>>> print(open('entry-v3.cif').read())   # mmCIF, C-alpha atoms
data_work
loop_
_atom_site.label_atom_id
_atom_site.label_comp_id
_atom_site.auth_asym_id
_atom_site.auth_seq_id
_atom_site.Cartn_x
_atom_site.Cartn_y
_atom_site.Cartn_z
CA MET A 63 27.10 17.94 -8.71
CA GLN A 64 30.76 17.20 -9.29
CA THR A 65 31.36 14.39 -11.76
CA LEU A 66 33.17 11.47 -10.15
CA GLU A 67 35.70 9.05 -11.55
CA ILE A 68 33.79 5.79 -11.33
CA SER A 69 34.97 2.78 -13.32
CA ILE A 70 32.46 1.14 -15.62
CA TYR A 71 32.84 -2.05 -13.58
CA THR A 72 31.98 -0.31 -10.32
CA LEU A 73 29.03 1.40 -11.98
CA ALA A 74 27.76 -1.91 -13.41
CA PHE A 75 28.19 -3.60 -10.01
CA LEU A 76 26.18 -0.90 -8.21
CA ILE A 77 23.41 -0.94 -10.83
CA ALA A 78 23.24 -4.73 -10.45
CA LEU A 79 23.09 -4.29 -6.66
CA ALA A 80 20.26 -1.77 -7.06
CA LEU A 81 18.32 -4.18 -9.27
CA LEU A 82 18.93 -6.93 -6.70
CA PHE A 83 17.36 -4.67 -4.08
CA ASP A 84 14.45 -4.07 -6.48
CA PHE A 85 14.04 -7.83 -6.96
CA MET A 86 14.11 -8.34 -3.18
CA ASN A 87 11.60 -5.52 -2.78
CA GLY A 88 9.16 -7.47 -4.95
CA PHE A 89 10.11 -10.75 -3.25
CA HIS A 90 9.68 -9.26 0.23
CA ASP A 91 6.51 -7.30 -0.53
CA ALA A 92 4.75 -9.96 -2.64
CA ALA A 93 2.86 -10.90 0.51
CA ASN A 94 1.34 -7.43 0.69
CA ALA A 95 -0.29 -7.85 -2.72
CA ILE A 96 -1.30 -11.52 -2.55
CA ALA A 97 -1.83 -12.39 1.13
CA THR A 98 -5.48 -11.39 1.27
CA VAL A 99 -6.46 -12.97 -2.05
CA VAL A 100 -4.65 -16.21 -1.10
CA SER A 101 -5.89 -16.38 2.50
CA THR A 102 -9.51 -15.93 1.39
CA GLY A 103 -9.08 -18.80 -1.08
CA VAL A 104 -9.95 -16.71 -4.14
CA LEU A 105 -6.70 -17.61 -5.93
CA LYS A 106 -4.09 -20.32 -5.54
CA PRO A 107 -0.68 -18.94 -4.50
CA GLN A 108 1.02 -19.52 -7.87
CA HIS A 109 -1.82 -17.80 -9.73
CA ALA A 110 -1.85 -14.90 -7.27
CA VAL A 111 1.87 -14.13 -7.62
CA ALA A 112 1.67 -14.35 -11.41
CA MET A 113 -1.18 -11.83 -11.46
CA ALA A 114 0.59 -9.54 -8.98
CA ALA A 115 3.84 -9.67 -10.98
CA LEU A 116 1.99 -8.83 -14.19
CA PHE A 117 0.37 -5.73 -12.71
CA ASN A 118 3.65 -4.67 -11.07
CA VAL A 119 5.11 -4.41 -14.59
CA VAL A 120 1.96 -2.97 -16.23
CA ALA A 121 2.29 -0.02 -13.80
CA ILE A 122 4.94 1.35 -16.17
CA PHE A 123 2.10 2.72 -18.33
CA PHE A 124 0.14 4.40 -15.54
CA PHE A 125 2.39 6.51 -13.31
CA GLN A 126 4.66 9.52 -13.74
CA LEU A 127 8.15 9.28 -12.26
CA LYS A 128 7.51 11.60 -9.30
CA VAL A 129 8.57 9.07 -6.67
CA ALA A 130 11.84 8.39 -8.52
CA SER A 131 12.53 12.13 -8.52
CA THR A 132 11.89 12.39 -4.76
CA VAL A 133 14.27 9.51 -3.97
CA GLY A 134 16.91 10.51 -6.53
CA LYS A 135 16.99 14.25 -5.91
CA GLY A 136 14.91 15.09 -2.83
CA THR A 137 16.26 12.99 0.04
CA VAL A 138 19.98 13.77 0.34
CA GLU A 139 21.99 16.57 -1.24
CA PRO A 140 23.01 15.45 -4.77
CA ALA A 141 26.42 17.10 -4.31
CA ILE A 142 27.52 14.55 -1.68
CA VAL A 143 26.31 11.46 -3.50
CA ASP A 144 29.00 9.14 -4.78
CA HIS A 145 29.35 5.40 -5.37
CA TYR A 146 30.27 4.85 -1.72
CA VAL A 147 27.02 6.45 -0.52
CA VAL A 148 24.96 4.42 -2.99
CA PHE A 149 26.78 1.23 -1.98
CA GLY A 150 26.17 1.87 1.71
CA ALA A 151 22.48 2.69 1.16
CA LEU A 152 21.84 -0.47 -0.86
CA VAL A 153 23.70 -2.77 1.54
CA GLY A 154 21.81 -1.32 4.52
CA ALA A 155 18.45 -1.77 2.80
CA ILE A 156 19.21 -5.29 1.53
CA PHE A 157 20.44 -6.37 4.98
CA TRP A 158 17.21 -5.27 6.64
CA ASN A 159 15.07 -6.87 3.92
CA VAL A 160 16.83 -10.23 4.28
CA LEU A 161 16.63 -10.13 8.09
CA THR A 162 12.91 -9.31 8.23
CA TRP A 163 12.07 -11.76 5.44
CA TYR A 164 13.88 -14.56 7.32
CA TYR A 165 11.81 -13.95 10.45
CA GLY A 166 8.57 -13.40 8.49
CA ILE A 167 8.20 -9.79 9.60
CA PRO A 168 6.30 -7.52 7.17
CA SER A 169 8.59 -4.48 7.31
CA SER A 170 9.06 -1.69 4.80
CA SER A 171 11.54 -2.05 1.93
CA SER A 172 10.89 1.62 1.15
CA HIS A 173 11.92 2.91 4.53
CA ALA A 174 14.86 0.51 4.65
CA LEU A 175 16.12 2.22 1.49
CA ILE A 176 15.49 5.71 2.88
CA GLY A 177 17.22 4.68 6.11
CA GLY A 178 20.14 3.35 4.08
CA LEU A 179 20.48 6.64 2.21
CA VAL A 180 20.32 8.64 5.43
CA GLY A 181 22.90 6.44 7.19
CA ALA A 182 25.41 6.51 4.33
CA ALA A 183 24.98 10.25 3.70
CA VAL A 184 25.36 11.18 7.39
CA ALA A 185 28.41 8.90 7.69
CA LYS A 186 30.03 10.83 4.87
CA SER A 187 28.99 14.44 5.46
CA GLY A 188 26.94 14.71 8.64
CA THR A 189 23.31 15.77 8.98
CA SER A 190 23.82 18.76 6.67
CA ALA A 191 23.71 16.28 3.78
CA LEU A 192 20.01 15.62 4.37
CA ILE A 193 17.17 17.44 2.60
CA SER A 194 14.67 18.01 5.40
CA SER A 195 11.63 18.71 3.21
CA GLY A 196 11.90 15.41 1.35
CA LEU A 197 12.60 13.41 4.48
CA ILE A 198 9.77 15.00 6.46
CA LYS A 199 7.37 14.20 3.64
CA THR A 200 8.54 10.58 3.54
CA ILE A 201 8.72 10.02 7.29
CA SER A 202 5.30 11.61 7.89
CA PHE A 203 3.78 8.93 5.66
CA ILE A 204 5.10 6.24 8.02
CA LEU A 205 2.11 7.32 10.10
CA LEU A 206 -0.18 8.61 7.37
CA SER A 207 -0.08 5.64 4.97
CA PRO A 208 -1.35 3.04 7.50
CA LEU A 209 -3.79 5.61 8.86
CA LEU A 210 -5.17 6.29 5.37
CA GLY A 211 -5.28 2.54 4.67
CA PHE A 212 -7.16 2.06 7.94
CA VAL A 213 -9.65 4.84 7.16
CA PHE A 214 -10.32 3.76 3.57
CA GLY A 215 -10.49 0.06 4.48
CA SER A 216 -12.91 0.57 7.38
CA ILE A 217 -15.12 3.03 5.44
CA LEU A 218 -15.36 0.63 2.49
CA MET A 219 -16.22 -2.22 4.86
CA VAL A 220 -19.03 -0.18 6.45
CA ILE A 221 -20.39 0.91 3.03
CA VAL A 222 -20.32 -2.63 1.65
CA SER A 223 -21.99 -3.99 4.80
CA TRP A 224 -24.85 -1.52 4.39
CA LEU A 225 -25.23 -2.15 0.66
CA PHE A 226 -25.39 -5.92 1.08
CA VAL A 227 -27.22 -6.04 4.42
CA LYS A 228 -30.13 -8.00 2.89
CA SER A 229 -27.98 -10.38 0.86
CA THR A 230 -27.18 -13.91 1.97
CA PRO A 231 -23.57 -14.66 3.06
CA ARG A 232 -23.27 -17.11 0.17
CA ARG A 233 -24.25 -14.49 -2.41
CA VAL A 234 -21.90 -11.90 -0.87
CA ASP A 235 -19.06 -14.41 -0.91
CA LYS A 236 -19.72 -15.25 -4.56
CA TRP A 237 -19.76 -11.59 -5.64
CA PHE A 238 -16.64 -10.56 -3.76
CA ARG A 239 -14.61 -13.55 -4.87
CA ARG A 240 -14.87 -11.98 -8.32
CA MET A 241 -14.45 -8.42 -7.09
CA GLN A 242 -11.30 -9.36 -5.18
CA LEU A 243 -9.59 -10.17 -8.46
CA LEU A 244 -10.08 -6.50 -9.41
CA SER A 245 -8.97 -5.13 -6.03
CA ALA A 246 -5.87 -7.33 -5.91
CA SER A 247 -4.93 -6.19 -9.42
CA LEU A 248 -5.31 -2.53 -8.47
CA TYR A 249 -3.21 -3.01 -5.35
CA SER A 250 -0.45 -4.72 -7.34
CA LEU A 251 -0.58 -1.86 -9.85
CA GLY A 252 -0.08 0.65 -7.03
CA HIS A 253 2.67 -1.49 -5.51
CA GLY A 254 4.65 -1.60 -8.76
CA GLY A 255 4.06 2.08 -9.47
CA ASN A 256 5.41 3.26 -6.12
CA ASP A 257 8.08 0.71 -5.23
CA ALA A 258 9.85 0.25 -8.59
CA GLN A 259 10.45 4.00 -8.76
CA LYS A 260 12.51 3.95 -5.55
CA THR A 261 15.19 1.88 -7.25
CA MET A 262 14.97 4.11 -10.32
CA GLY A 263 15.77 7.05 -8.05
CA ILE A 264 18.89 5.30 -6.71
CA ILE A 265 20.17 4.42 -10.19
CA TRP A 266 19.36 7.94 -11.40
CA MET A 267 21.36 9.34 -8.48
CA LEU A 268 24.29 7.10 -9.43
CA LEU A 269 24.20 8.01 -13.13
CA ILE A 270 24.21 11.72 -12.30
CA ALA A 271 27.15 11.28 -9.92
CA ALA A 272 29.09 9.35 -12.57
CA GLY A 273 28.42 12.00 -15.22
CA TYR A 274 26.28 9.78 -17.46
CA SER A 275 23.23 11.97 -16.85
CA THR A 276 22.31 15.35 -15.40
CA SER A 277 19.54 16.35 -13.03
CA LYS A 278 17.76 18.03 -15.94
CA ASP A 279 17.82 14.95 -18.17
CA ALA A 280 14.95 12.49 -18.40
CA LEU A 281 15.45 9.12 -16.74
CA PRO A 282 16.77 6.65 -19.37
CA ALA A 283 14.18 4.18 -20.65
CA TRP A 284 16.40 1.18 -19.89
CA VAL A 285 16.41 2.13 -16.20
CA ILE A 286 12.60 2.36 -16.11
CA ILE A 287 12.08 -0.96 -17.91
CA SER A 288 14.71 -2.87 -15.91
CA CYS A 289 13.34 -1.64 -12.56
CA TYR A 290 9.76 -2.62 -13.35
CA ALA A 291 10.97 -5.99 -14.67
CA ALA A 292 13.08 -6.63 -11.54
CA ILE A 293 10.27 -5.94 -9.09
CA GLY A 294 7.89 -8.04 -11.18
CA LEU A 295 10.30 -10.99 -11.12
CA GLY A 296 10.76 -10.59 -7.37
CA THR A 297 7.01 -10.70 -6.83
CA LEU A 298 6.77 -13.76 -9.08
CA PHE A 299 9.07 -15.70 -6.76
CA GLY A 300 7.12 -14.47 -3.74
CA GLY A 301 7.94 -13.90 -0.07
CA TRP A 302 6.00 -16.82 1.36
CA ARG A 303 7.22 -16.42 4.92
CA ILE A 304 5.21 -13.20 5.27
CA VAL A 305 1.97 -14.28 3.58
CA LYS A 306 0.55 -16.03 6.65
CA THR A 307 1.27 -13.06 8.92
CA MET A 308 -0.43 -10.59 6.59
CA GLY A 309 -3.31 -12.83 5.49
CA GLN A 310 -4.59 -14.42 8.68
CA LYS A 311 -2.60 -13.55 11.83
CA ILE A 312 -3.77 -9.93 12.04
CA THR A 313 -7.46 -10.73 11.50
CA LYS A 314 -9.51 -13.43 9.79
CA LEU A 315 -10.48 -12.28 6.30
CA LYS A 316 -13.30 -13.27 3.99
CA PRO A 317 -13.46 -12.18 0.31
CA VAL A 318 -15.51 -9.09 1.16
CA GLY A 319 -12.91 -8.03 3.75
CA GLY A 320 -10.08 -8.80 1.36
CA PHE A 321 -11.72 -6.62 -1.30
CA CYS A 322 -12.13 -3.68 1.09
CA ALA A 323 -8.58 -3.96 2.43
CA GLU A 324 -6.99 -4.17 -1.04
CA THR A 325 -9.12 -1.36 -2.44
CA GLY A 326 -8.39 0.90 0.55
CA GLY A 327 -4.69 0.15 0.20
CA ALA A 328 -4.76 0.76 -3.56
CA ILE A 329 -6.43 4.16 -3.12
CA THR A 330 -3.69 5.15 -0.66
CA LEU A 331 -0.89 4.00 -2.99
CA PHE A 332 -2.37 5.77 -6.02
CA LEU A 333 -2.69 8.98 -4.00
CA ALA A 334 0.87 8.84 -2.65
CA THR A 335 2.41 7.99 -6.04
CA SER A 336 0.60 10.87 -7.72
CA LEU A 337 2.10 13.19 -5.06
CA GLY A 338 5.60 11.74 -5.52
CA ILE A 339 5.78 10.32 -2.00
CA PRO A 340 7.63 7.01 -1.48
CA VAL A 341 5.40 5.06 0.91
CA SER A 342 5.47 1.60 2.40
CA THR A 343 3.11 -0.86 0.77
CA THR A 344 3.51 -2.94 3.94
CA HIS A 345 2.33 -0.12 6.18
CA THR A 346 -0.53 0.66 3.83
CA ILE A 347 -2.02 -2.83 3.52
CA THR A 348 -1.51 -3.56 7.24
CA GLY A 349 -3.47 -0.43 8.12
CA ALA A 350 -6.21 -1.40 5.67
CA ILE A 351 -6.46 -4.95 7.06
CA VAL A 352 -6.68 -3.62 10.64
CA GLY A 353 -9.34 -1.14 9.48
CA VAL A 354 -11.44 -3.91 7.94
CA GLY A 355 -11.13 -6.04 11.07
CA SER A 356 -11.99 -3.22 13.45
CA ALA A 357 -15.01 -2.21 11.34
CA LYS A 358 -16.52 -5.57 12.29
CA LYS A 359 -15.46 -5.42 15.95
CA MET A 360 -12.32 -4.31 17.75
CA SER A 361 -11.73 -7.77 19.18
CA ALA A 362 -11.51 -9.18 15.63
CA VAL A 363 -8.01 -7.69 15.36
CA ARG A 364 -5.09 -9.46 17.02
CA TRP A 365 -3.56 -6.29 18.41
CA GLY A 366 -0.51 -8.11 19.75
CA VAL A 367 0.50 -9.21 16.23
CA ALA A 368 -0.22 -5.72 14.88
CA GLY A 369 1.91 -4.25 17.69
CA ASN A 370 4.88 -6.48 16.82
CA ILE A 371 4.66 -5.30 13.22
CA VAL A 372 4.66 -1.65 14.34
CA TRP A 373 7.84 -2.25 16.37
CA ALA A 374 9.51 -3.53 13.19
CA TRP A 375 8.42 -0.30 11.44
CA ILE A 376 9.99 1.81 14.20
CA PHE A 377 13.34 0.04 13.95
CA THR A 378 13.52 -0.06 10.13
CA ILE A 379 15.09 3.35 9.42
CA PRO A 380 17.55 3.38 12.37
CA ALA A 381 18.66 -0.23 11.78
CA SER A 382 19.18 0.12 8.03
CA ALA A 383 20.88 3.51 8.58
CA PHE A 384 23.32 1.97 11.09
CA VAL A 385 24.24 -0.88 8.72
CA ALA A 386 24.50 1.57 5.80
CA ALA A 387 26.97 3.74 7.71
CA ILE A 388 29.19 0.71 8.32
CA ALA A 389 28.82 -0.40 4.70
CA TRP A 390 29.76 3.12 3.51
CA TRP A 391 33.03 2.88 5.45
CA ILE A 392 33.72 -0.59 4.06
CA GLY A 393 32.89 0.66 0.57
CA THR A 394 35.51 3.41 0.82
CA LYS A 395 38.11 0.68 1.39
CA ILE A 396 37.09 -1.84 -1.29
CA LEU A 397 35.47 0.07 -4.18
#
>>> encode(input="entry-v3.cif", output="structure tokens")
Amino acid sequence: MQTLEISIYTLAFLIALALLFDFMNGFHDAANAIATVVSTGVLKPQHAVAMAALFNVVAIFFFQLKVASTVGKGTVEPAIVDHYVVFGALVGAIFWNVLTWYYGIPSSSSHALIGGLVGAAVAKSGTSALISSGLIKTISFILLSPLLGFVFGSILMVIVSWLFVKSTPRRVDKWFRRMQLLSASLYSLGHGGNDAQKTMGIIWMLLIAAGYSTSKDALPAWVIISCYAAIGLGTLFGGWRIVKTMGQKITKLKPVGGFCAETGGAITLFLATSLGIPVSTTHTITGAIVGVGSAKKMSAVRWGVAGNIVWAWIFTIPASAFVAAIAWWIGTKIL
């Protein structure tokens, strides 16, 4: 990659913008981690977001930086990345996050960022700037992550139903109110581990372009710490507009269903992060919730609500890419 002349002020501005996206990622996706545990009444909202934020940050000790590497070096050709591309990608992703948060739509911050990168890179250099292997891997998990969440959530629900078939509803409720604390913690751990690394990848990309790092260097510790801290703070403030949609509009959840959905989602996130695949925590938990509902009976799922969410998923990458392309052009004029 050719080293670019980027002023320290421009670099600082773009890093701050990246951390703002990271904060908004936590803010937007807080509902994914806490909706089930709040809607089942296991935790009060303020306690739920505090726990989720804590485990978002604790994830720093559990996961390798494979997702950061995929985003930073495996999505678009490093040679074409400059501060204009990064600016366009971040503006496109932030725009889509704000829009979907305002309307209470649980969309994917992850795919908004990927869409932003694609839009800005194509605006600069055409489709040849894209790395097909990395994009195929990421885009395929738009389908696979909710499918895996669905499968794991429904299987866990069936297993738990058989194990506790002779137990009274009151006893089951008592047990799984406690167990849901564990499942919600694991899901928040997976959320922090996968999502914080996406912002790390963007900052890494920027530092390499500016000549402050090389593709062979390790990611600086301050980047890792600041990204985990930013997503944790975002989760702490919470995206309340989306909690109701995720927690009760798709299907009615009890603590046992919340446990199965969160555990199924956590398994999916742990698997994807270990493979270095940036996935949507929104897609994952939605699939798991639908799986839990359909394991009881198909009519327990409000398929119309689920369908509206899927439409938001379909539009995420094209919409954020379109805005990113415009932002890239604006960035070439003002940065």
>>> residues_around(input="entry-v3.cif", residues="stretch 112-115 of chain A", least_positions_apart="3", cutoff="8 Å", atoms="all atoms listed in the file", output="PyMOL selection string")
chain A and resi 92+95-96+108-109+118-119+246-247+250-251+293-298
>>> closest_residue(input="entry-v3.cif", among="A:Gly166, A:Val385, A:Ile396, A:Val104", to="A:Gly181", atoms="only C-alpha atoms")
A:Val385
>>> closest_residue(input="entry-v3.cif", among="A:Lys236, A:Val138, A:Thr132, A:Leu248", to="A:Val120", atoms="all atoms listed in the file")
A:Leu248
>>> closest_residue(input="entry-v3.cif", among="A:Cys289, A:Ala283, A:Leu205, A:Met86", to="A:Leu152", atoms="only C-alpha atoms")
A:Met86
>>> closest_atom_pairs(input="entry-v3.cif", of="stretch 63-152 of chain A", to="stretch 260-281 of chain A", cutoff="12 Å", atoms="all atoms listed in the file", output="CSV")
residue,atom,partner,partner_atom,distance
A:Met63,CA,A:Ala271,CA,6.8
A:Gln64,CA,A:Ala271,CA,7.0
A:Thr65,CA,A:Gly273,CA,5.1
A:Leu66,CA,A:Ala272,CA,5.2
A:Glu67,CA,A:Ala272,CA,6.7
A:Ile68,CA,A:Ala272,CA,6.0
A:Ser69,CA,A:Ala272,CA,8.8
A:Ile70,CA,A:Ala272,CA,9.4
A:Thr72,CA,A:Ala272,CA,10.3
A:Leu73,CA,A:Leu268,CA,7.8
A:Ala74,CA,A:Ile265,CA,10.4
A:Phe75,CA,A:Ile265,CA,11.3
A:Leu76,CA,A:Ile265,CA,8.3
A:Ile77,CA,A:Ile265,CA,6.3
A:Ala78,CA,A:Ile265,CA,9.7
A:Leu79,CA,A:Ile265,CA,9.8
A:Ala80,CA,A:Thr261,CA,6.3
A:Leu81,CA,A:Thr261,CA,7.1
A:Leu82,CA,A:Thr261,CA,9.6
A:Phe83,CA,A:Thr261,CA,7.6
A:Asp84,CA,A:Thr261,CA,6.0
A:Phe85,CA,A:Thr261,CA,9.8
A:Met86,CA,A:Thr261,CA,11.1
A:Asn87,CA,A:Thr261,CA,9.4
A:Gly88,CA,A:Thr261,CA,11.4
A:Ile122,CA,A:Met262,CA,11.9
A:Gln126,CA,A:Leu281,CA,11.2
A:Leu127,CA,A:Leu281,CA,8.6
A:Lys128,CA,A:Gly263,CA,9.5
A:Val129,CA,A:Lys260,CA,6.6
A:Ala130,CA,A:Gly263,CA,4.2
A:Ser131,CA,A:Gly263,CA,6.0
A:Thr132,CA,A:Gly263,CA,7.4
A:Val133,CA,A:Gly263,CA,5.0
A:Gly134,CA,A:Gly263,CA,3.9
A:Lys135,CA,A:Met267,CA,7.1
A:Gly136,CA,A:Gly263,CA,9.6
A:Thr137,CA,A:Gly263,CA,10.0
A:Val138,CA,A:Met267,CA,10.0
A:Glu139,CA,A:Met267,CA,10.3
A:Pro140,CA,A:Met267,CA,7.3
A:Ala141,CA,A:Ala271,CA,8.1
A:Ile142,CA,A:Ala271,CA,8.9
A:Val143,CA,A:Ala271,CA,6.5
A:Asp144,CA,A:Ala271,CA,5.9
A:His145,CA,A:Leu268,CA,6.7
A:Tyr146,CA,A:Leu268,CA,10.0
A:Val147,CA,A:Leu268,CA,9.3
A:Val148,CA,A:Leu268,CA,7.0
A:Phe149,CA,A:Leu268,CA,9.8
A:Gly150,CA,A:Ile264,CA,11.6
A:Ala151,CA,A:Ile264,CA,9.0
A:Leu152,CA,A:Ile264,CA,8.7
>>> write_last_selection(input="entry-v3.cif", atoms="C-alpha atoms", output="tab-separated table (two decimals), in the frame of the given file")
chain	number	residue	atom	x	y	z
A	63	MET	CA	27.10	17.94	-8.71
A	64	GLN	CA	30.76	17.20	-9.29
A	65	THR	CA	31.36	14.39	-11.76
A	66	LEU	CA	33.17	11.47	-10.15
A	67	GLU	CA	35.70	9.05	-11.55
A	68	ILE	CA	33.79	5.79	-11.33
A	69	SER	CA	34.97	2.78	-13.32
A	70	ILE	CA	32.46	1.14	-15.62
A	72	THR	CA	31.98	-0.31	-10.32
A	73	LEU	CA	29.03	1.40	-11.98
A	74	ALA	CA	27.76	-1.91	-13.41
A	75	PHE	CA	28.19	-3.60	-10.01
A	76	LEU	CA	26.18	-0.90	-8.21
A	77	ILE	CA	23.41	-0.94	-10.83
A	78	ALA	CA	23.24	-4.73	-10.45
A	79	LEU	CA	23.09	-4.29	-6.66
A	80	ALA	CA	20.26	-1.77	-7.06
A	81	LEU	CA	18.32	-4.18	-9.27
A	82	LEU	CA	18.93	-6.93	-6.70
A	83	PHE	CA	17.36	-4.67	-4.08
A	84	ASP	CA	14.45	-4.07	-6.48
A	85	PHE	CA	14.04	-7.83	-6.96
A	86	MET	CA	14.11	-8.34	-3.18
A	87	ASN	CA	11.60	-5.52	-2.78
A	88	GLY	CA	9.16	-7.47	-4.95
A	122	ILE	CA	4.94	1.35	-16.17
A	126	GLN	CA	4.66	9.52	-13.74
A	127	LEU	CA	8.15	9.28	-12.26
A	128	LYS	CA	7.51	11.60	-9.30
A	129	VAL	CA	8.57	9.07	-6.67
A	130	ALA	CA	11.84	8.39	-8.52
A	131	SER	CA	12.53	12.13	-8.52
A	132	THR	CA	11.89	12.39	-4.76
A	133	VAL	CA	14.27	9.51	-3.97
A	134	GLY	CA	16.91	10.51	-6.53
A	135	LYS	CA	16.99	14.25	-5.91
A	136	GLY	CA	14.91	15.09	-2.83
A	137	THR	CA	16.26	12.99	0.04
A	138	VAL	CA	19.98	13.77	0.34
A	139	GLU	CA	21.99	16.57	-1.24
A	140	PRO	CA	23.01	15.45	-4.77
A	141	ALA	CA	26.42	17.10	-4.31
A	142	ILE	CA	27.52	14.55	-1.68
A	143	VAL	CA	26.31	11.46	-3.50
A	144	ASP	CA	29.00	9.14	-4.78
A	145	HIS	CA	29.35	5.40	-5.37
A	146	TYR	CA	30.27	4.85	-1.72
A	147	VAL	CA	27.02	6.45	-0.52
A	148	VAL	CA	24.96	4.42	-2.99
A	149	PHE	CA	26.78	1.23	-1.98
A	150	GLY	CA	26.17	1.87	1.71
A	151	ALA	CA	22.48	2.69	1.16
A	152	LEU	CA	21.84	-0.47	-0.86
>>> closest_residue(input="entry-v3.cif", among="A:Val318, A:Ala383, A:Leu243, A:Leu225", to="A:Lys106", atoms="only C-alpha atoms")
A:Leu243
>>> residues_around(input="entry-v3.cif", residues="A:Gly349", least_positions_apart="3", cutoff="6 Å", atoms="only C-alpha atoms", output="PyMOL selection string")
chain A and resi 208+211-212+346+352
>>> closest_residue(input="entry-v3.cif", among="A:Leu337, A:Ala386, A:Cys322, A:Val100", to="A:Phe214", atoms="all atoms listed in the file")
A:Cys322
>>> resolve_selection(input="entry-v3.cif", expression="the PyMOL selection byres ((chain A and resi 170-173) around 9)", output="tab-separated table (two decimals) with C-alpha atoms, keeping the file's coordinate frame")
chain	number	residue	atom	x	y	z
A	83	PHE	CA	17.36	-4.67	-4.08
A	86	MET	CA	14.11	-8.34	-3.18
A	87	ASN	CA	11.60	-5.52	-2.78
A	90	HIS	CA	9.68	-9.26	0.23
A	91	ASP	CA	6.51	-7.30	-0.53
A	155	ALA	CA	18.45	-1.77	2.80
A	156	ILE	CA	19.21	-5.29	1.53
A	158	TRP	CA	17.21	-5.27	6.64
A	159	ASN	CA	15.07	-6.87	3.92
A	168	PRO	CA	6.30	-7.52	7.17
A	169	SER	CA	8.59	-4.48	7.31
A	174	ALA	CA	14.86	0.51	4.65
A	175	LEU	CA	16.12	2.22	1.49
A	176	ILE	CA	15.49	5.71	2.88
A	177	GLY	CA	17.22	4.68	6.11
A	178	GLY	CA	20.14	3.35	4.08
A	200	THR	CA	8.54	10.58	3.54
A	201	ILE	CA	8.72	10.02	7.29
A	204	ILE	CA	5.10	6.24	8.02
A	257	ASP	CA	8.08	0.71	-5.23
A	260	LYS	CA	12.51	3.95	-5.55
A	340	PRO	CA	7.63	7.01	-1.48
A	341	VAL	CA	5.40	5.06	0.91
A	342	SER	CA	5.47	1.60	2.40
A	343	THR	CA	3.11	-0.86	0.77
A	344	THR	CA	3.51	-2.94	3.94
A	345	HIS	CA	2.33	-0.12	6.18
A	374	ALA	CA	9.51	-3.53	13.19
A	375	TRP	CA	8.42	-0.30	11.44
A	378	THR	CA	13.52	-0.06	10.13
A	379	ILE	CA	15.09	3.35	9.42
A	382	SER	CA	19.18	0.12	8.03
>>> atom_distance(input="entry-v3.cif", atom1="atom CA of A:Leu192", atom2="atom CA of A:Leu161")
26.2 Å
>>> atom_distance(input="entry-v3.cif", atom1="atom CA of A:Gly319", atom2="atom CA of A:Ile167")
22.0 Å
>>> atom_distance(input="entry-v3.cif", atom1="atom CA of A:Phe238", atom2="atom CA of A:Phe321")
6.8 Å
>>> residues_around(input="entry-v3.cif", residues="A:Ala121", least_positions_apart="3", cutoff="9 Å", atoms="only C-alpha atoms", output="PyMOL selection string")
chain A and resi 116-118+124-125+250-256+290
>>> closest_residue(input="entry-v3.cif", among="A:Ile392, A:Val222, A:Ala381, A:Leu209", to="A:Gly327", atoms="all atoms listed in the file")
A:Leu209
>>> resolve_selection(input="entry-v3.cif", expression="the PyMOL selection byres ((chain A and resi 216) around 9)", output="list in words")
Gly211, Phe212, Val213, Phe214, Gly215, Ile217, Leu218, Met219, Val220, Ile221, Cys322, Ala323, Gly326, Ala350, Ile351, Val352, Gly353, Val354, Gly355, Ser356, Ala357 and Lys358 of chain A
>>> axis_aligned_box(input="entry-v3.cif", around="stretch 136-154 of chain A", padding_each_side="8 Å", output="AutoDock Vina command-line options")
--center_x 22.6 --center_y 7.2 --center_z -0.4 --size_x 31.4 --size_y 35.9 --size_z 25.9
>>> decode(input="entry-v3.cif", residues="stretch 76-99 of chain A", atoms="C-alpha atoms", output="tab-separated table (two decimals), in the first residue's frame")
chain	number	residue	atom	x	y	z
A	76	LEU	CA	-11.58	9.80	11.22
A	77	ILE	CA	-10.55	7.74	14.25
A	78	ALA	CA	-13.08	9.70	16.32
A	79	LEU	CA	-15.71	9.04	13.63
A	80	ALA	CA	-14.88	5.33	13.72
A	81	LEU	CA	-15.26	5.25	17.51
A	82	LEU	CA	-18.57	7.11	17.14
A	83	PHE	CA	-19.72	4.34	14.81
A	84	ASP	CA	-18.54	1.79	17.39
A	85	PHE	CA	-20.49	3.61	20.11
A	86	MET	CA	-23.59	3.66	17.89
A	87	ASN	CA	-23.08	-0.02	17.13
A	88	GLY	CA	-23.38	-0.77	20.85
A	89	PHE	CA	-26.24	1.72	21.21
A	90	HIS	CA	-28.11	0.27	18.24
A	91	ASP	CA	-27.44	-3.38	19.05
A	92	ALA	CA	-27.99	-3.17	22.83
A	93	ALA	CA	-31.50	-4.44	22.19
A	94	ASN	CA	-30.12	-7.66	20.72
A	95	ALA	CA	-28.35	-8.51	23.97
A	96	ILE	CA	-30.93	-7.29	26.50
A	97	ALA	CA	-34.36	-7.51	24.83
A	98	THR	CA	-35.07	-11.10	25.84
A	99	VAL	CA	-33.83	-10.76	29.42
